[in-house]
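As C-alpha coordinates, the structure follows; a few thoughts come after it.
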Amino acid sequence: RIVDDVFIQKLNNYEDMFYKGILDINEFVEFASTPFIKYSMDELDDLLGAIVKRCIVPKIKKGARDRIEYHTSNNDRVFIVTATNDYLVKHIAKALDIDDFIASSMEVKNGHLTGKKLCEVPFKEGKVRRIREYLKVKEYSLDGSCGYGDSVNDIEMLLMCEHGFLVDPNENMLKDPRVSSMKVISL
(Lines give C-alpha, C1' and ligand atoms only; values in the text may rest on other atoms or scores of the structure.)
Protein backbone atom coordinates (compact mmCIF):
# COMPACT_ATOMS: atom_id res chain seq x y z
CA ARG A 1 0.00 0.00 0.00
CA ILE A 2 3.03 2.27 -0.14
CA VAL A 3 3.27 2.26 -3.94
CA ASP A 4 0.80 1.84 -6.80
CA ASP A 5 0.86 -0.38 -9.88
CA VAL A 6 2.44 2.36 -12.01
CA PHE A 7 5.39 2.56 -9.59
CA ILE A 8 5.75 -1.23 -9.62
CA GLN A 9 5.79 -1.31 -13.44
CA LYS A 10 8.49 1.38 -13.53
CA LEU A 11 10.43 -0.53 -10.89
CA ASN A 12 10.24 -3.69 -13.02
CA ASN A 13 11.53 -1.74 -16.03
CA TYR A 14 14.45 -0.44 -13.97
CA GLU A 15 15.20 -3.99 -12.83
CA ASP A 16 15.34 -5.19 -16.45
CA MET A 17 17.73 -2.36 -17.31
CA PHE A 18 19.85 -3.23 -14.24
CA TYR A 19 20.40 -6.83 -15.31
CA LYS A 20 21.14 -5.74 -18.88
CA GLY A 21 23.76 -3.31 -17.56
CA ILE A 22 22.06 -0.22 -19.04
CA LEU A 23 20.48 1.34 -15.95
CA ASP A 24 20.84 5.07 -15.28
CA ILE A 25 21.58 4.59 -11.61
CA ASN A 26 21.28 8.25 -10.66
CA GLU A 27 17.77 8.39 -12.06
CA PHE A 28 16.88 5.15 -10.31
CA VAL A 29 18.06 6.00 -6.78
CA GLU A 30 16.05 9.21 -6.84
CA PHE A 31 13.00 7.40 -8.26
CA ALA A 32 13.27 4.71 -5.58
CA SER A 33 13.03 7.27 -2.78
CA THR A 34 9.89 9.04 -4.04
CA PRO A 35 7.34 6.90 -2.13
CA PHE A 36 9.16 7.56 1.15
CA ILE A 37 9.46 11.35 1.07
CA LYS A 38 6.12 11.73 2.83
CA TYR A 39 7.37 9.88 5.93
CA SER A 40 9.51 11.28 8.71
CA MET A 41 12.77 9.39 9.16
CA ASP A 42 11.43 7.87 12.39
CA GLU A 43 8.31 6.64 10.57
CA LEU A 44 10.44 5.40 7.68
CA ASP A 45 12.79 3.51 10.02
CA ASP A 46 9.84 1.78 11.67
CA LEU A 47 8.22 0.99 8.32
CA LEU A 48 11.36 -0.28 6.60
CA GLY A 49 12.54 -2.18 9.67
CA ALA A 50 9.28 -4.12 9.65
CA ILE A 51 9.38 -4.66 5.87
CA VAL A 52 12.96 -5.93 5.94
CA LYS A 53 12.15 -8.29 8.81
CA ARG A 54 8.99 -9.61 7.13
CA CYS A 55 9.89 -9.58 3.43
CA ILE A 56 13.66 -9.50 2.93
CA VAL A 57 15.23 -11.41 5.81
CA PRO A 58 13.31 -14.63 5.03
CA LYS A 59 14.66 -14.48 1.46
CA ILE A 60 18.31 -14.30 2.49
CA LYS A 61 19.71 -17.63 1.40
CA LYS A 62 21.47 -19.95 3.79
CA GLY A 63 24.55 -19.94 1.58
CA ALA A 64 24.83 -16.17 1.90
CA ARG A 65 24.48 -16.38 5.67
CA ASP A 66 27.10 -19.14 5.73
CA ARG A 67 29.56 -16.99 3.75
CA ILE A 68 29.03 -14.04 6.10
CA GLU A 69 29.52 -16.32 9.12
CA TYR A 70 32.66 -17.81 7.56
CA HIS A 71 34.23 -14.40 7.01
CA THR A 72 33.14 -13.10 10.41
CA SER A 73 34.55 -16.16 12.19
CA ASN A 74 37.87 -15.56 10.40
CA ASN A 75 37.90 -11.97 11.68
CA ASP A 76 37.55 -10.65 8.14
CA ARG A 77 36.07 -7.19 7.72
CA VAL A 78 32.65 -7.70 6.20
CA PHE A 79 30.77 -4.87 4.58
CA ILE A 80 27.97 -4.49 2.08
CA VAL A 81 28.55 -2.48 -1.09
CA THR A 82 25.39 -1.69 -2.99
CA ALA A 83 23.71 1.02 -5.02
CA THR A 84 20.59 0.50 -2.91
CA ASN A 85 19.59 3.53 -0.86
CA ASP A 86 21.16 3.80 2.58
CA TYR A 87 17.90 4.14 4.51
CA LEU A 88 17.01 0.59 3.44
CA VAL A 89 20.48 -0.98 3.52
CA LYS A 90 21.01 -0.07 7.18
CA HIS A 91 18.14 -2.39 8.13
CA ILE A 92 19.47 -5.25 6.01
CA ALA A 93 22.98 -4.81 7.42
CA LYS A 94 21.58 -4.83 10.95
CA ALA A 95 19.62 -8.04 10.25
CA LEU A 96 22.85 -9.68 9.04
CA ASP A 97 24.95 -8.33 11.93
CA ILE A 98 27.12 -6.38 9.50
CA ASP A 99 28.36 -3.11 10.93
CA ASP A 100 29.54 -1.34 7.80
CA PHE A 101 28.05 -0.66 4.41
CA ILE A 102 28.54 1.53 1.40
CA ALA A 103 25.25 2.53 -0.20
CA SER A 104 23.54 5.38 -2.02
CA SER A 105 23.51 8.16 0.54
CA MET A 106 20.31 10.14 0.36
CA GLU A 107 19.74 13.67 1.63
CA VAL A 108 17.61 14.25 4.72
CA LYS A 109 16.31 17.71 5.62
CA ASN A 110 13.96 18.56 8.46
CA GLY A 111 13.66 14.88 9.32
CA HIS A 112 12.48 13.82 5.83
CA LEU A 113 14.13 12.44 2.72
CA THR A 114 14.40 14.99 -0.07
CA GLY A 115 14.81 12.43 -2.83
CA LYS A 116 18.25 13.76 -3.75
CA LYS A 117 21.47 11.80 -3.55
CA LEU A 118 24.35 13.16 -1.49
CA CYS A 119 27.35 11.65 -3.26
CA GLU A 120 28.37 9.28 -5.99
CA VAL A 121 26.24 6.17 -6.18
CA PRO A 122 28.28 2.98 -5.60
CA PHE A 123 27.50 1.48 -8.99
CA LYS A 124 29.88 0.03 -11.58
CA GLU A 125 33.02 2.24 -11.55
CA GLY A 126 31.42 4.32 -8.78
CA LYS A 127 31.48 1.24 -6.59
CA VAL A 128 35.26 1.03 -7.01
CA ARG A 129 35.73 4.72 -6.18
CA ARG A 130 33.49 4.52 -3.11
CA ILE A 131 35.30 1.39 -1.88
CA ARG A 132 38.67 3.11 -2.30
CA GLU A 133 37.40 6.12 -0.29
CA TYR A 134 36.08 3.79 2.41
CA LEU A 135 39.37 1.88 2.59
CA LYS A 136 41.35 5.10 2.86
CA VAL A 137 39.18 6.45 5.70
CA LYS A 138 39.22 3.15 7.59
CA GLU A 139 42.89 2.51 6.77
CA TYR A 140 42.07 -0.96 5.39
CA SER A 141 43.65 -2.74 2.44
CA LEU A 142 42.33 -5.20 -0.11
CA ASP A 143 44.98 -7.79 0.75
CA GLY A 144 43.24 -11.16 0.77
CA SER A 145 39.92 -9.55 -0.15
CA CYS A 146 36.92 -11.47 -1.41
CA GLY A 147 34.20 -9.84 -3.47
CA TYR A 148 30.81 -11.30 -4.25
CA GLY A 149 28.76 -9.97 -7.14
CA ASP A 150 25.64 -11.03 -8.97
CA SER A 151 25.44 -8.76 -12.02
CA VAL A 152 27.50 -7.10 -14.74
CA ASN A 153 27.32 -3.98 -12.61
CA ASP A 154 29.62 -5.64 -10.04
CA ILE A 155 32.43 -6.64 -12.38
CA GLU A 156 34.65 -3.61 -11.69
CA MET A 157 34.34 -4.25 -7.95
CA LEU A 158 35.16 -7.94 -8.36
CA LEU A 159 38.24 -7.10 -10.41
CA MET A 160 39.66 -4.98 -7.60
CA CYS A 161 39.42 -7.88 -5.11
CA GLU A 162 41.98 -10.66 -4.78
CA HIS A 163 39.22 -13.24 -5.03
CA GLY A 164 36.08 -12.53 -7.05
CA PHE A 165 33.02 -14.74 -6.85
CA LEU A 166 30.18 -14.70 -9.36
CA VAL A 167 27.02 -15.38 -7.37
CA ASP A 168 24.30 -17.01 -9.44
CA PRO A 169 25.47 -14.99 -12.46
CA ASN A 170 23.18 -14.30 -15.38
CA GLU A 171 24.16 -14.80 -19.01
CA ASN A 172 25.27 -11.18 -19.46
CA MET A 173 27.72 -11.48 -16.59
CA LEU A 174 29.15 -14.79 -17.81
CA LYS A 175 29.75 -13.35 -21.30
CA ASP A 176 32.22 -10.77 -19.98
CA PRO A 177 35.74 -12.12 -20.65
CA ARG A 178 37.13 -10.30 -17.58
CA VAL A 179 35.36 -12.74 -15.25
CA SER A 180 36.34 -15.97 -16.98
CA SER A 181 38.82 -16.93 -14.23
CA MET A 182 36.43 -16.15 -11.37
CA LYS A 183 34.67 -18.87 -9.46
CA VAL A 184 30.93 -19.26 -10.04
CA ILE A 185 29.00 -20.04 -6.87
CA SER A 186 25.37 -20.43 -5.94
CA LEU A 187 24.18 -19.13 -2.62
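Residue names in the C-alpha coordinates use chain letters A, B, ... in the order shown, residue numbers from 1 in each chain, and ligand numbers from 1 in the order shown.
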List every residue of chain A that DSSP, applied to the backbone of this structure, places in strand (DSSP E or B), and write the result as JSON, numbers by chain.
{"A": [40, 79, 80, 81, 82, 83, 84, 85, 100, 101, 102, 103, 104, 106, 107, 108, 109, 112, 113, 114, 115, 116, 117, 146, 147, 148, 149, 163, 164, 165, 166, 167, 183, 184, 185]}
Just the selected residues (N, CA, C and O atoms), exported as a tab-separated table (two decimals), in the first residue's frame, please.
```tsv
chain	number	residue	atom	x	y	z
A	40	SER	N	8.36	10.79	7.93
A	40	SER	CA	9.51	11.28	8.71
A	40	SER	C	10.52	10.14	8.76
A	40	SER	O	10.17	8.97	8.54
A	79	PHE	N	31.65	-6.02	4.81
A	79	PHE	CA	30.77	-4.87	4.58
A	79	PHE	C	30.00	-5.05	3.29
A	79	PHE	O	30.43	-5.77	2.39
A	80	ILE	N	28.86	-4.44	3.24
A	80	ILE	CA	27.97	-4.49	2.08
A	80	ILE	C	28.31	-3.31	1.19
A	80	ILE	O	28.48	-2.19	1.67
A	81	VAL	N	28.37	-3.55	-0.11
A	81	VAL	CA	28.55	-2.48	-1.09
A	81	VAL	C	27.42	-2.62	-2.09
A	81	VAL	O	27.31	-3.63	-2.78
A	82	THR	N	26.56	-1.61	-2.14
A	82	THR	CA	25.39	-1.69	-2.99
A	82	THR	C	24.93	-0.30	-3.42
A	82	THR	O	25.14	0.67	-2.69
A	83	ALA	N	24.29	-0.24	-4.56
A	83	ALA	CA	23.71	1.02	-5.02
A	83	ALA	C	22.35	1.27	-4.36
A	83	ALA	O	21.79	2.35	-4.52
A	84	THR	N	21.86	0.33	-3.61
A	84	THR	CA	20.59	0.50	-2.91
A	84	THR	C	20.70	1.66	-1.93
A	84	THR	O	21.75	1.92	-1.36
A	85	ASN	N	19.59	2.35	-1.72
A	85	ASN	CA	19.59	3.53	-0.86
A	85	ASN	C	19.87	3.18	0.60
A	85	ASN	O	19.40	2.18	1.12
A	100	ASP	N	29.20	-2.36	8.78
A	100	ASP	CA	29.54	-1.34	7.80
A	100	ASP	C	28.90	-1.61	6.45
A	100	ASP	O	28.76	-2.77	6.04
A	101	PHE	N	28.55	-0.53	5.77
A	101	PHE	CA	28.05	-0.66	4.41
A	101	PHE	C	28.35	0.61	3.63
A	101	PHE	O	28.52	1.69	4.20
A	102	ILE	N	28.42	0.43	2.34
A	102	ILE	CA	28.54	1.53	1.40
A	102	ILE	C	27.29	1.46	0.53
A	102	ILE	O	27.04	0.43	-0.09
A	103	ALA	N	26.52	2.52	0.53
A	103	ALA	CA	25.25	2.53	-0.20
A	103	ALA	C	25.02	3.92	-0.79
A	103	ALA	O	25.84	4.81	-0.61
A	104	SER	N	23.90	4.07	-1.48
A	104	SER	CA	23.54	5.38	-2.02
A	104	SER	C	23.06	6.26	-0.88
A	104	SER	O	22.01	6.01	-0.30
A	106	MET	N	21.38	9.24	0.75
A	106	MET	CA	20.31	10.14	0.36
A	106	MET	C	20.18	11.30	1.36
A	106	MET	O	20.36	11.12	2.56
A	107	GLU	N	19.84	12.45	0.83
A	107	GLU	CA	19.74	13.67	1.63
A	107	GLU	C	18.50	13.64	2.53
A	107	GLU	O	17.42	13.21	2.11
A	108	VAL	N	18.70	14.11	3.75
A	108	VAL	CA	17.61	14.25	4.72
A	108	VAL	C	17.62	15.70	5.19
A	108	VAL	O	18.65	16.22	5.60
A	109	LYS	N	16.47	16.35	5.11
A	109	LYS	CA	16.31	17.71	5.62
A	109	LYS	C	15.03	17.76	6.44
A	109	LYS	O	14.01	17.21	6.04
A	112	HIS	N	13.11	14.52	6.96
A	112	HIS	CA	12.48	13.82	5.83
A	112	HIS	C	13.49	13.67	4.68
A	112	HIS	O	14.34	14.54	4.48
A	113	LEU	N	13.35	12.58	3.94
A	113	LEU	CA	14.13	12.44	2.72
A	113	LEU	C	13.74	13.53	1.75
A	113	LEU	O	12.57	13.91	1.67
A	114	THR	N	14.71	14.01	0.98
A	114	THR	CA	14.40	14.99	-0.07
A	114	THR	C	14.28	14.32	-1.43
A	114	THR	O	13.75	14.91	-2.36
A	115	GLY	N	14.81	13.11	-1.55
A	115	GLY	CA	14.81	12.43	-2.83
A	115	GLY	C	16.06	12.70	-3.63
A	115	GLY	O	16.20	12.23	-4.76
A	116	LYS	N	17.00	13.43	-3.05
A	116	LYS	CA	18.25	13.76	-3.75
A	116	LYS	C	19.40	12.95	-3.16
A	116	LYS	O	19.48	12.76	-1.95
A	117	LYS	N	20.29	12.54	-4.02
A	117	LYS	CA	21.47	11.80	-3.55
A	117	LYS	C	22.52	12.77	-3.05
A	117	LYS	O	22.60	13.91	-3.49
A	146	CYS	N	37.88	-10.68	-0.64
A	146	CYS	CA	36.92	-11.47	-1.41
A	146	CYS	C	35.76	-10.55	-1.78
A	146	CYS	O	35.26	-9.80	-0.94
A	147	GLY	N	35.35	-10.61	-3.02
A	147	GLY	CA	34.20	-9.84	-3.47
A	147	GLY	C	33.17	-10.78	-4.05
A	147	GLY	O	33.50	-11.76	-4.73
A	148	TYR	N	31.92	-10.49	-3.76
A	148	TYR	CA	30.81	-11.30	-4.25
A	148	TYR	C	29.89	-10.40	-5.06
A	148	TYR	O	29.46	-9.36	-4.57
A	149	GLY	N	29.62	-10.79	-6.29
A	149	GLY	CA	28.76	-9.97	-7.14
A	149	GLY	C	27.81	-10.84	-7.95
A	149	GLY	O	28.12	-11.98	-8.27
A	163	HIS	N	40.04	-12.08	-4.69
A	163	HIS	CA	39.22	-13.24	-5.03
A	163	HIS	C	37.81	-12.75	-5.37
A	163	HIS	O	37.11	-12.24	-4.51
A	164	GLY	N	37.42	-12.92	-6.63
A	164	GLY	CA	36.08	-12.53	-7.05
A	164	GLY	C	35.20	-13.75	-7.23
A	164	GLY	O	35.64	-14.76	-7.78
A	165	PHE	N	33.99	-13.65	-6.74
A	165	PHE	CA	33.02	-14.74	-6.85
A	165	PHE	C	31.78	-14.25	-7.59
A	165	PHE	O	31.21	-13.23	-7.22
A	166	LEU	N	31.39	-15.01	-8.60
A	166	LEU	CA	30.18	-14.70	-9.36
A	166	LEU	C	29.03	-15.47	-8.71
A	166	LEU	O	29.01	-16.70	-8.74
A	167	VAL	N	28.11	-14.76	-8.12
A	167	VAL	CA	27.02	-15.38	-7.37
A	167	VAL	C	25.80	-15.51	-8.27
A	167	VAL	O	25.22	-14.52	-8.69
A	183	LYS	N	35.46	-17.72	-9.87
A	183	LYS	CA	34.67	-18.87	-9.46
A	183	LYS	C	33.19	-18.52	-9.45
A	183	LYS	O	32.78	-17.48	-8.93
A	184	VAL	N	32.38	-19.41	-10.04
A	184	VAL	CA	30.93	-19.26	-10.04
A	184	VAL	C	30.39	-20.05	-8.85
A	184	VAL	O	30.72	-21.23	-8.68
A	185	ILE	N	29.59	-19.37	-8.03
A	185	ILE	CA	29.00	-20.04	-6.87
A	185	ILE	C	27.50	-19.76	-6.83
A	185	ILE	O	27.01	-18.81	-7.42
```
Taking the chain letters and numbering used in this document, name the residues of range 49-181 of chain A that DSSP puts in alpha helix (DSSP H), as a PyMOL selection string.
chain A and resi 49-51+62-73+86-95+125-138+155-160+171-175
Would you mind listing what lies within 12 Å of Met173 in chain A as a ChimeraX atom specification, with only C-alpha atoms counted and same-chain residues fewer than 6 positions away left out?
/A:18-21,149-156,158,165-167,179-180,182,184
Need to verify the contact set: Leu187 in chain A, 8 Å, only C-alpha atoms, exclusion of same-chain residues closer than 5 positions in sequence. Can you return it as a PyMOL selection string?
chain A and resi 61-64+167-168
Interatomic distance, CA of Lys138 in chain A to CA of Arg67 in chain A (Å, one decimal):
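These atoms are spaced 22.7 Å apart.
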Applying 12 Å and only C-alpha atoms, which residues near range 44-46 of chain A remain after dropping the ones on its own chain fewer than 3 positions away? List them as a PyMOL selection string.
chain A and resi 2+33+35-41+49-53+86-92+108+111-113
How far is it from CA of Leu142 in chain A to CA of Glu162 in chain A, in Å with one decimal?
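Value for the CA of Leu142 in chain A-CA of Glu162 in chain A distance: 7.2 Å.
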One decimal place gives the CA of Arg132 in chain A-CA of Asp99 in chain A separation as 17.9 Å
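If only C-alpha atoms are the atoms counted, then among A:Met157, A:Val3, A:Ser105, A:Ser145 the closest residue to Val128 in chain A is A:Met157.
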Pick out the closest residue to Ser186 in chain A from this set: A:Ser141, A:Asn13, A:Thr72, A:Asn170. Count only C-alpha atoms.
A:Asn170
Please determine, counting only C-alpha atoms, which residue among A:Lys124, A:Asp76, A:Ile98, A:Pro177 has the shortest atom-to-atom distance to Asp143 in chain A.
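Using only C-alpha atoms, the shortest distance to Asp143 in chain A belongs to A:Asp76.
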Find the spatial neighbours of Phe31 in chain A, counting only C-alpha atoms, within a cut-off of 10 Å - ignore same-chain residues fewer than 2 positions away - and output them as a list of chain:residue names.
A:Phe7, A:Lys10, A:Leu11, A:Tyr14, A:Ile25, A:Asn26, A:Glu27, A:Phe28, A:Val29, A:Ser33, A:Thr34, A:Pro35, A:Gly115, A:Lys116
Those same residues - all heavy atoms - I'd like them written as a CSV table (one decimal), in the first residue's frame.
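Contents of the output file again.csv:
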```csv
chain,number,residue,atom,x,y,z
A,7,PHE,N,4.1,2.6,-10.2
A,7,PHE,CA,5.4,2.6,-9.6
A,7,PHE,C,6.0,1.2,-9.8
A,7,PHE,O,7.2,1.1,-10.1
A,7,PHE,CB,5.3,2.9,-8.1
A,7,PHE,CG,6.7,3.0,-7.4
A,7,PHE,CD1,7.4,4.2,-7.4
A,7,PHE,CD2,7.2,1.9,-6.9
A,7,PHE,CE1,8.6,4.3,-6.8
A,7,PHE,CE2,8.5,1.9,-6.2
A,7,PHE,CZ,9.2,3.1,-6.2
A,10,LYS,N,7.2,0.6,-13.3
A,10,LYS,CA,8.5,1.4,-13.5
A,10,LYS,C,9.7,0.7,-12.8
A,10,LYS,O,10.8,0.6,-13.4
A,10,LYS,CB,8.4,2.8,-13.0
A,10,LYS,CG,7.5,3.7,-13.9
A,10,LYS,CD,7.4,5.1,-13.4
A,10,LYS,CE,6.6,6.0,-14.2
A,10,LYS,NZ,6.4,7.3,-13.7
A,11,LEU,N,9.4,0.2,-11.6
A,11,LEU,CA,10.4,-0.5,-10.9
A,11,LEU,C,10.9,-1.8,-11.7
A,11,LEU,O,12.1,-2.1,-11.7
A,11,LEU,CB,9.9,-0.9,-9.5
A,11,LEU,CG,10.9,-1.5,-8.5
A,11,LEU,CD1,11.9,-0.4,-8.2
A,11,LEU,CD2,10.1,-1.9,-7.2
A,14,TYR,N,13.1,-0.7,-14.5
A,14,TYR,CA,14.5,-0.4,-14.0
A,14,TYR,C,15.2,-1.7,-13.7
A,14,TYR,O,16.4,-1.8,-13.9
A,14,TYR,CB,14.4,0.4,-12.7
A,14,TYR,CG,14.1,1.9,-12.9
A,14,TYR,CD1,13.0,2.5,-12.4
A,14,TYR,CD2,15.0,2.7,-13.7
A,14,TYR,CE1,12.8,3.9,-12.5
A,14,TYR,CE2,14.8,4.0,-13.9
A,14,TYR,CZ,13.7,4.6,-13.3
A,14,TYR,OH,13.5,6.0,-13.5
A,25,ILE,N,21.7,4.8,-13.0
A,25,ILE,CA,21.6,4.6,-11.6
A,25,ILE,C,21.2,5.9,-10.9
A,25,ILE,O,20.5,5.8,-9.9
A,25,ILE,CB,22.9,4.0,-11.0
A,25,ILE,CG1,22.6,3.4,-9.6
A,25,ILE,CG2,24.0,5.0,-11.1
A,25,ILE,CD1,21.6,2.3,-9.5
A,26,ASN,N,21.6,7.0,-11.3
A,26,ASN,CA,21.3,8.3,-10.7
A,26,ASN,C,19.8,8.5,-10.7
A,26,ASN,O,19.2,8.9,-9.8
A,26,ASN,CB,22.1,9.4,-11.2
A,26,ASN,CG,23.5,9.3,-11.0
A,26,ASN,OD1,24.0,9.2,-9.8
A,26,ASN,ND2,24.3,9.2,-12.0
A,27,GLU,N,19.2,8.3,-11.9
A,27,GLU,CA,17.8,8.4,-12.1
A,27,GLU,C,17.0,7.4,-11.2
A,27,GLU,O,16.1,7.7,-10.5
A,27,GLU,CB,17.4,8.1,-13.5
A,27,GLU,CG,16.0,8.2,-13.9
A,27,GLU,CD,15.7,7.8,-15.3
A,27,GLU,OE1,16.4,8.3,-16.2
A,27,GLU,OE2,14.8,7.0,-15.5
A,28,PHE,N,17.6,6.2,-11.1
A,28,PHE,CA,16.9,5.1,-10.3
A,28,PHE,C,16.9,5.4,-8.8
A,28,PHE,O,15.8,5.3,-8.2
A,28,PHE,CB,17.5,3.8,-10.6
A,28,PHE,CG,16.9,2.7,-9.6
A,28,PHE,CD1,15.6,2.3,-9.8
A,28,PHE,CD2,17.6,2.3,-8.5
A,28,PHE,CE1,15.0,1.4,-9.0
A,28,PHE,CE2,17.0,1.4,-7.7
A,28,PHE,CZ,15.7,0.9,-7.9
A,29,VAL,N,18.0,5.8,-8.2
A,29,VAL,CA,18.1,6.0,-6.8
A,29,VAL,C,17.1,7.1,-6.3
A,29,VAL,O,16.5,7.1,-5.3
A,29,VAL,CB,19.5,6.2,-6.2
A,29,VAL,CG1,20.3,5.0,-6.4
A,29,VAL,CG2,20.1,7.5,-6.7
A,33,SER,N,13.3,6.6,-4.1
A,33,SER,CA,13.0,7.3,-2.8
A,33,SER,C,11.7,8.0,-2.8
A,33,SER,O,11.2,8.4,-1.7
A,33,SER,CB,14.2,8.2,-2.4
A,33,SER,OG,14.2,9.3,-3.3
A,34,THR,N,11.1,8.2,-4.0
A,34,THR,CA,9.9,9.0,-4.0
A,34,THR,C,8.7,8.6,-3.1
A,34,THR,O,8.1,9.4,-2.6
A,34,THR,CB,9.4,9.2,-5.5
A,34,THR,OG1,9.2,7.9,-6.1
A,34,THR,CG2,10.4,10.0,-6.3
A,35,PRO,N,8.5,7.3,-3.0
A,35,PRO,CA,7.3,6.9,-2.1
A,35,PRO,C,7.6,7.2,-0.6
A,35,PRO,O,6.6,7.2,0.1
A,35,PRO,CB,7.2,5.4,-2.3
A,35,PRO,CG,8.0,5.0,-3.5
A,35,PRO,CD,9.0,6.1,-3.6
A,115,GLY,N,14.8,13.1,-1.5
A,115,GLY,CA,14.8,12.4,-2.8
A,115,GLY,C,16.1,12.7,-3.6
A,115,GLY,O,16.2,12.2,-4.8
A,116,LYS,N,17.0,13.4,-3.0
A,116,LYS,CA,18.3,13.8,-3.7
A,116,LYS,C,19.4,13.0,-3.2
A,116,LYS,O,19.5,12.8,-1.9
A,116,LYS,CB,18.6,15.3,-3.6
A,116,LYS,CG,17.5,16.1,-4.3
A,116,LYS,CD,17.8,17.6,-4.1
A,116,LYS,CE,16.7,18.4,-4.7
A,116,LYS,NZ,16.9,19.8,-4.4
```
